[in-house]
Amino acid sequence: MSIIIENLTHVYNANSPFESTALNNINITIEKGEFIGLIGHTGSGKSTLTQHLNGLLKPTSGKIIINGFDITKKDVSLKEIRRKVGLVFQYPEHQLFEETVYKDVAFGPKNLGLNDSEIENRVKEAIELVGLSYNEIKERSPFELSGGQKRRVAIAGVIAMKPEILILDEPTAGLDPKARDEVLNQIKELHKKYKMTIILVSHSMEDIARLVDRIIVMHKGNIALTGKPSEVFKNVELLKSIGLLVPQITYLMKKLRAMGMSVREEVFTVEDAKNEILKMIGR
Ligand code: ADP
Ligand code: MG
């Protein structure tokens with residue numbers, strides 16, 4: 001299920017004093033099964049772009065074709081799009097509202113008109129996919145869970161729709177390090193197990209470097225750069241000029257190299273850095 005974005009422009013508050021162009025003629029294709037990292041300074045257009053992919057926002061001009069199907073046509077049913085494209089908003093736990101975890105996760109599948117046993121299967125599967133115990137948690141109130149658990153229940157609600165494309169807008173924002181790792185590991189698992197197409201919006205270059213196949217860098221409503229993490233993070237100066245930093249470990253390796261140590265400069269993950277340093281000290 002490929003996503004083709006063609007000449008996509010989005011203007012908020014057109015023809016008013018508050019008019020602002022959030023997306024400016026974007027063109028990009030995302031292949032089925034790709035794990036994409038979407039990065040960019042605040043206000044660069046990441047959330048506006050992701051909201052077009054599930055039909056929540058309509059383009060001012062341009063098209064989005066998902067698996068050969070133009071989702072931006074007037075008469076397209078949103079239900080049909082959302083069956084294919086799951087969008088996890090920023091702070092998705094703010095949208096939990098049912099009295100039990102079960103009911104919350106079941107909400108989407110119910111709206112798809114599935115029968116009860118299919119709904120139950122999906123709820124169970126989704127809850128376990130995000131690393132929670134179905135039996136322990138299903139009857140609990142979402143409001144009494146920890147921050148990380150709430151976030152995962154909210155993600156389970158989207159996964160229970162069995163989307164082929166999963167978009168997560170800053171899914172770890174505001175979580176403590178342990179919860180962050182839990183959420184990211186589950187997302188990685190989903191990609192590995194189900195070959196889902198994943199678009200992850202994140203501020204953490206460390207997470208992006210470690211997880212994704214390809215990065216899309218946005219800047220002021222345009223795509224500034226796209227490529228594998230190793231290609232994108234080479235552009236230290238360009239990234240800096242648009243307010244982005246490469247992973248911290250990369251700066252450390254550059255420093256070591258500048259001090260005359262024989263390590264590769266282009267190292268983007270802690271794991272790689274460890275190997276480089278061990279190699280240098282001959283172990
Ligand atoms: P990001 O997610 O990268 O931070 P956004 O897509 O939220 O960026 O915002 C892109 C631009 O669109 C910004 O200039 C922002 O102020 C503007 N914008 C976002 N949402 C709205 C809205 N609902 N109404 C008006 N302008 C908006
Ligand atoms: Mg945003």
# chains A, B, ... in the order shown; residues from 1 in each chain; ligands from 1
$ residues_near_ligand --ligand "ligand 2" --cutoff "10 Å" --atoms "only C-alpha atoms and all ligand atoms" --output "ChimeraX atom specification"
/A:39-51,89-90,169-170,201-203
$ closest_atom_pairs --of "segment 122-228 of chain A" --to "segment 232-235 of chain A" --cutoff "9 Å" --atoms "only C-alpha atoms" --output "Markdown table"
| residue | atom | partner | partner_atom | distance |
| --- | --- | --- | --- | --- |
| A:Ala209 | CA | A:Phe233 | CA | 8.6 |
| A:Arg214 | CA | A:Val232 | CA | 8.7 |
| A:Ile215 | CA | A:Val232 | CA | 7.1 |
| A:Ile216 | CA | A:Val232 | CA | 8.7 |
| A:Val217 | CA | A:Val232 | CA | 8.4 |
| A:Leu225 | CA | A:Val232 | CA | 7.0 |
| A:Thr226 | CA | A:Val232 | CA | 6.6 |
| A:Gly227 | CA | A:Val232 | CA | 5.7 |
| A:Lys228 | CA | A:Val232 | CA | 6.2 |
$ write_last_selection --atoms "N, CA and C atoms" --output "CSV table (one decimal), in the first residue's frame"
chain,number,residue,atom,x,y,z
A,209,ALA,N,17.1,7.8,14.5
A,209,ALA,CA,18.3,7.1,13.9
A,209,ALA,C,18.3,5.6,14.2
A,214,ARG,N,13.8,5.4,6.7
A,214,ARG,CA,14.0,6.6,5.9
A,214,ARG,C,13.5,7.8,6.7
A,215,ILE,N,14.2,8.9,6.5
A,215,ILE,CA,13.8,10.2,7.2
A,215,ILE,C,13.2,11.2,6.1
A,216,ILE,N,12.1,11.8,6.5
A,216,ILE,CA,11.7,13.0,5.7
A,216,ILE,C,11.8,14.2,6.6
A,217,VAL,N,12.6,15.2,6.2
A,217,VAL,CA,12.8,16.4,6.9
A,217,VAL,C,11.9,17.5,6.4
A,225,LEU,N,14.6,17.6,2.8
A,225,LEU,CA,15.6,16.5,2.7
A,225,LEU,C,14.9,15.2,2.9
A,226,THR,N,15.3,14.1,2.2
A,226,THR,CA,14.8,12.8,2.5
A,226,THR,C,15.9,11.8,2.2
A,227,GLY,N,16.0,10.7,3.0
A,227,GLY,CA,17.0,9.7,2.7
A,227,GLY,C,17.1,8.8,4.0
A,228,LYS,N,18.0,7.8,3.8
A,228,LYS,CA,18.3,7.0,5.0
A,228,LYS,C,18.9,7.9,6.1
$ residues_around --residues "segment 137-139 of chain A" --least-positions-apart "3" --cutoff "8 Å" --atoms "only C-alpha atoms" --output "PyMOL selection string"
chain A and resi 100-102+132-134
$ write_last_selection --atoms "N, CA and C atoms" --output "compact mmCIF listing (two decimals), in the first residue's frame"
# COMPACT_ATOMS: atom_id res chain seq x y z
N THR A 100 -14.11 1.56 30.70
CA THR A 100 -13.11 0.49 30.81
C THR A 100 -12.18 0.53 29.60
N VAL A 101 -11.01 -0.06 29.82
CA VAL A 101 -10.03 -0.17 28.74
C VAL A 101 -10.65 -0.95 27.57
N TYR A 102 -11.38 -2.02 27.90
CA TYR A 102 -11.98 -2.83 26.84
C TYR A 102 -12.86 -1.98 25.93
N LEU A 132 0.57 -4.98 26.90
CA LEU A 132 -0.19 -4.99 28.15
C LEU A 132 -0.90 -6.34 28.28
N SER A 133 -1.24 -6.70 29.52
CA SER A 133 -1.93 -7.97 29.73
C SER A 133 -3.43 -7.76 29.64
N TYR A 134 -4.04 -8.42 28.66
CA TYR A 134 -5.47 -8.26 28.39
C TYR A 134 -6.30 -8.53 29.64
$ residues_around --residues "Glu80 of chain A" --least-positions-apart "4" --cutoff "10 Å" --atoms "only C-alpha atoms" --output "ChimeraX atom specification"
/A:54-55,71,76,84-85,112
$ write_last_selection --atoms "all heavy atoms" --output "PDB file, in the first residue's frame"
ATOM      1  N   ASN A  54      -5.100  10.738   6.737  1.00  0.00           N
ATOM      2  CA  ASN A  54      -6.302   9.968   7.114  1.00  0.00           C
ATOM      3  C   ASN A  54      -7.588  10.750   6.841  1.00  0.00           C
ATOM      4  O   ASN A  54      -8.634  10.448   7.387  1.00  0.00           O
ATOM      5  CB  ASN A  54      -6.220   9.451   8.548  1.00  0.00           C
ATOM      6  CG  ASN A  54      -6.720  10.452   9.555  1.00  0.00           C
ATOM      7  OD1 ASN A  54      -6.645  11.653   9.313  1.00  0.00           O
ATOM      8  ND2 ASN A  54      -7.223   9.977  10.671  1.00  0.00           N
ATOM      9  N   GLY A  55      -7.466  11.764   6.005  1.00  0.00           N
ATOM     10  CA  GLY A  55      -8.657  12.460   5.548  1.00  0.00           C
ATOM     11  C   GLY A  55      -9.224  13.482   6.520  1.00  0.00           C
ATOM     12  O   GLY A  55     -10.269  14.072   6.272  1.00  0.00           O
ATOM     13  N   ILE A  71      -7.667   9.554  -2.111  1.00  0.00           N
ATOM     14  CA  ILE A  71      -8.467   9.784  -0.904  1.00  0.00           C
ATOM     15  C   ILE A  71      -8.916  11.241  -0.775  1.00  0.00           C
ATOM     16  O   ILE A  71      -9.643  11.588   0.154  1.00  0.00           O
ATOM     17  CB  ILE A  71      -7.724   9.384   0.398  1.00  0.00           C
ATOM     18  CG1 ILE A  71      -6.522  10.296   0.660  1.00  0.00           C
ATOM     19  CG2 ILE A  71      -7.330   7.917   0.373  1.00  0.00           C
ATOM     20  CD1 ILE A  71      -6.066  10.271   2.112  1.00  0.00           C
ATOM     21  N   VAL A  76     -15.237  10.563  -1.193  1.00  0.00           N
ATOM     22  CA  VAL A  76     -14.616   9.419  -0.531  1.00  0.00           C
ATOM     23  C   VAL A  76     -15.090   9.309   0.917  1.00  0.00           C
ATOM     24  O   VAL A  76     -15.143  10.312   1.630  1.00  0.00           O
ATOM     25  CB  VAL A  76     -13.079   9.561  -0.554  1.00  0.00           C
ATOM     26  CG1 VAL A  76     -12.423   8.486   0.273  1.00  0.00           C
ATOM     27  CG2 VAL A  76     -12.571   9.529  -1.978  1.00  0.00           C
ATOM     28  N   LYS A  84      -7.946   1.933   6.642  1.00  0.00           N
ATOM     29  CA  LYS A  84      -6.609   1.663   6.097  1.00  0.00           C
ATOM     30  C   LYS A  84      -5.510   2.428   6.817  1.00  0.00           C
ATOM     31  O   LYS A  84      -4.392   1.956   6.924  1.00  0.00           O
ATOM     32  CB  LYS A  84      -6.562   2.064   4.619  1.00  0.00           C
ATOM     33  CG  LYS A  84      -7.504   1.280   3.745  1.00  0.00           C
ATOM     34  CD  LYS A  84      -7.141   1.484   2.284  1.00  0.00           C
ATOM     35  CE  LYS A  84      -7.972   0.604   1.375  1.00  0.00           C
ATOM     36  NZ  LYS A  84      -9.303   1.178   1.134  1.00  0.00           N
ATOM     37  N   VAL A  85      -5.851   3.646   7.241  1.00  0.00           N
ATOM     38  CA  VAL A  85      -4.840   4.533   7.810  1.00  0.00           C
ATOM     39  C   VAL A  85      -5.185   4.860   9.252  1.00  0.00           C
ATOM     40  O   VAL A  85      -6.208   5.486   9.513  1.00  0.00           O
ATOM     41  CB  VAL A  85      -4.746   5.849   6.995  1.00  0.00           C
ATOM     42  CG1 VAL A  85      -3.626   6.725   7.539  1.00  0.00           C
ATOM     43  CG2 VAL A  85      -4.546   5.565   5.519  1.00  0.00           C
ATOM     44  N   LEU A 112     -16.749   0.006  12.957  1.00  0.00           N
ATOM     45  CA  LEU A 112     -16.575  -0.652  11.658  1.00  0.00           C
ATOM     46  C   LEU A 112     -17.711  -1.647  11.410  1.00  0.00           C
ATOM     47  O   LEU A 112     -17.809  -2.226  10.334  1.00  0.00           O
ATOM     48  CB  LEU A 112     -15.250  -1.403  11.595  1.00  0.00           C
ATOM     49  CG  LEU A 112     -13.955  -0.594  11.559  1.00  0.00           C
ATOM     50  CD1 LEU A 112     -12.759  -1.531  11.500  1.00  0.00           C
ATOM     51  CD2 LEU A 112     -13.934   0.364  10.383  1.00  0.00           C
TER      52      LEU A 112
END
$ select_by_dssp --residues "segment 108-261 of chain A" --states "helix (DSSP H, G or I)" --output "number ranges by chain"
A: 108-111, 116-129, 134-137, 142-144, 147-159, 177-194, 205-211, 229-232, 236-241, 248-258
$ closest_residue --among "A:Pro142, A:Pro229, A:Gly282, A:Gly86" --to "Glu99 of chain A" --atoms "only C-alpha atoms"
A:Pro142
$ residues_around --residues "Met161 of chain A" --least-positions-apart "2" --cutoff "7 Å" --atoms "only C-alpha atoms" --output "list in words"
Arg83, Gly108, Pro109, Val158, Ile159 and Pro163 of chain A
$ residues_around --residues "segment 6-14 of chain A" --least-positions-apart "5" --cutoff "10 Å" --atoms "only C-alpha atoms" --output "ChimeraX atom specification"
/A:19-29,45,48-49,52,57-65,221-222
$ select_by_dssp --residues "segment 115-221 of chain A" --states "strand (DSSP E or B)" --output "number ranges by chain"
A: 165-169, 197-201, 214-219
$ closest_residue --among "A:Arg264, A:His219, A:Ser2, A:Asn185" --to "ligand 1" --atoms "only C-alpha atoms and all ligand atoms"
A:His219
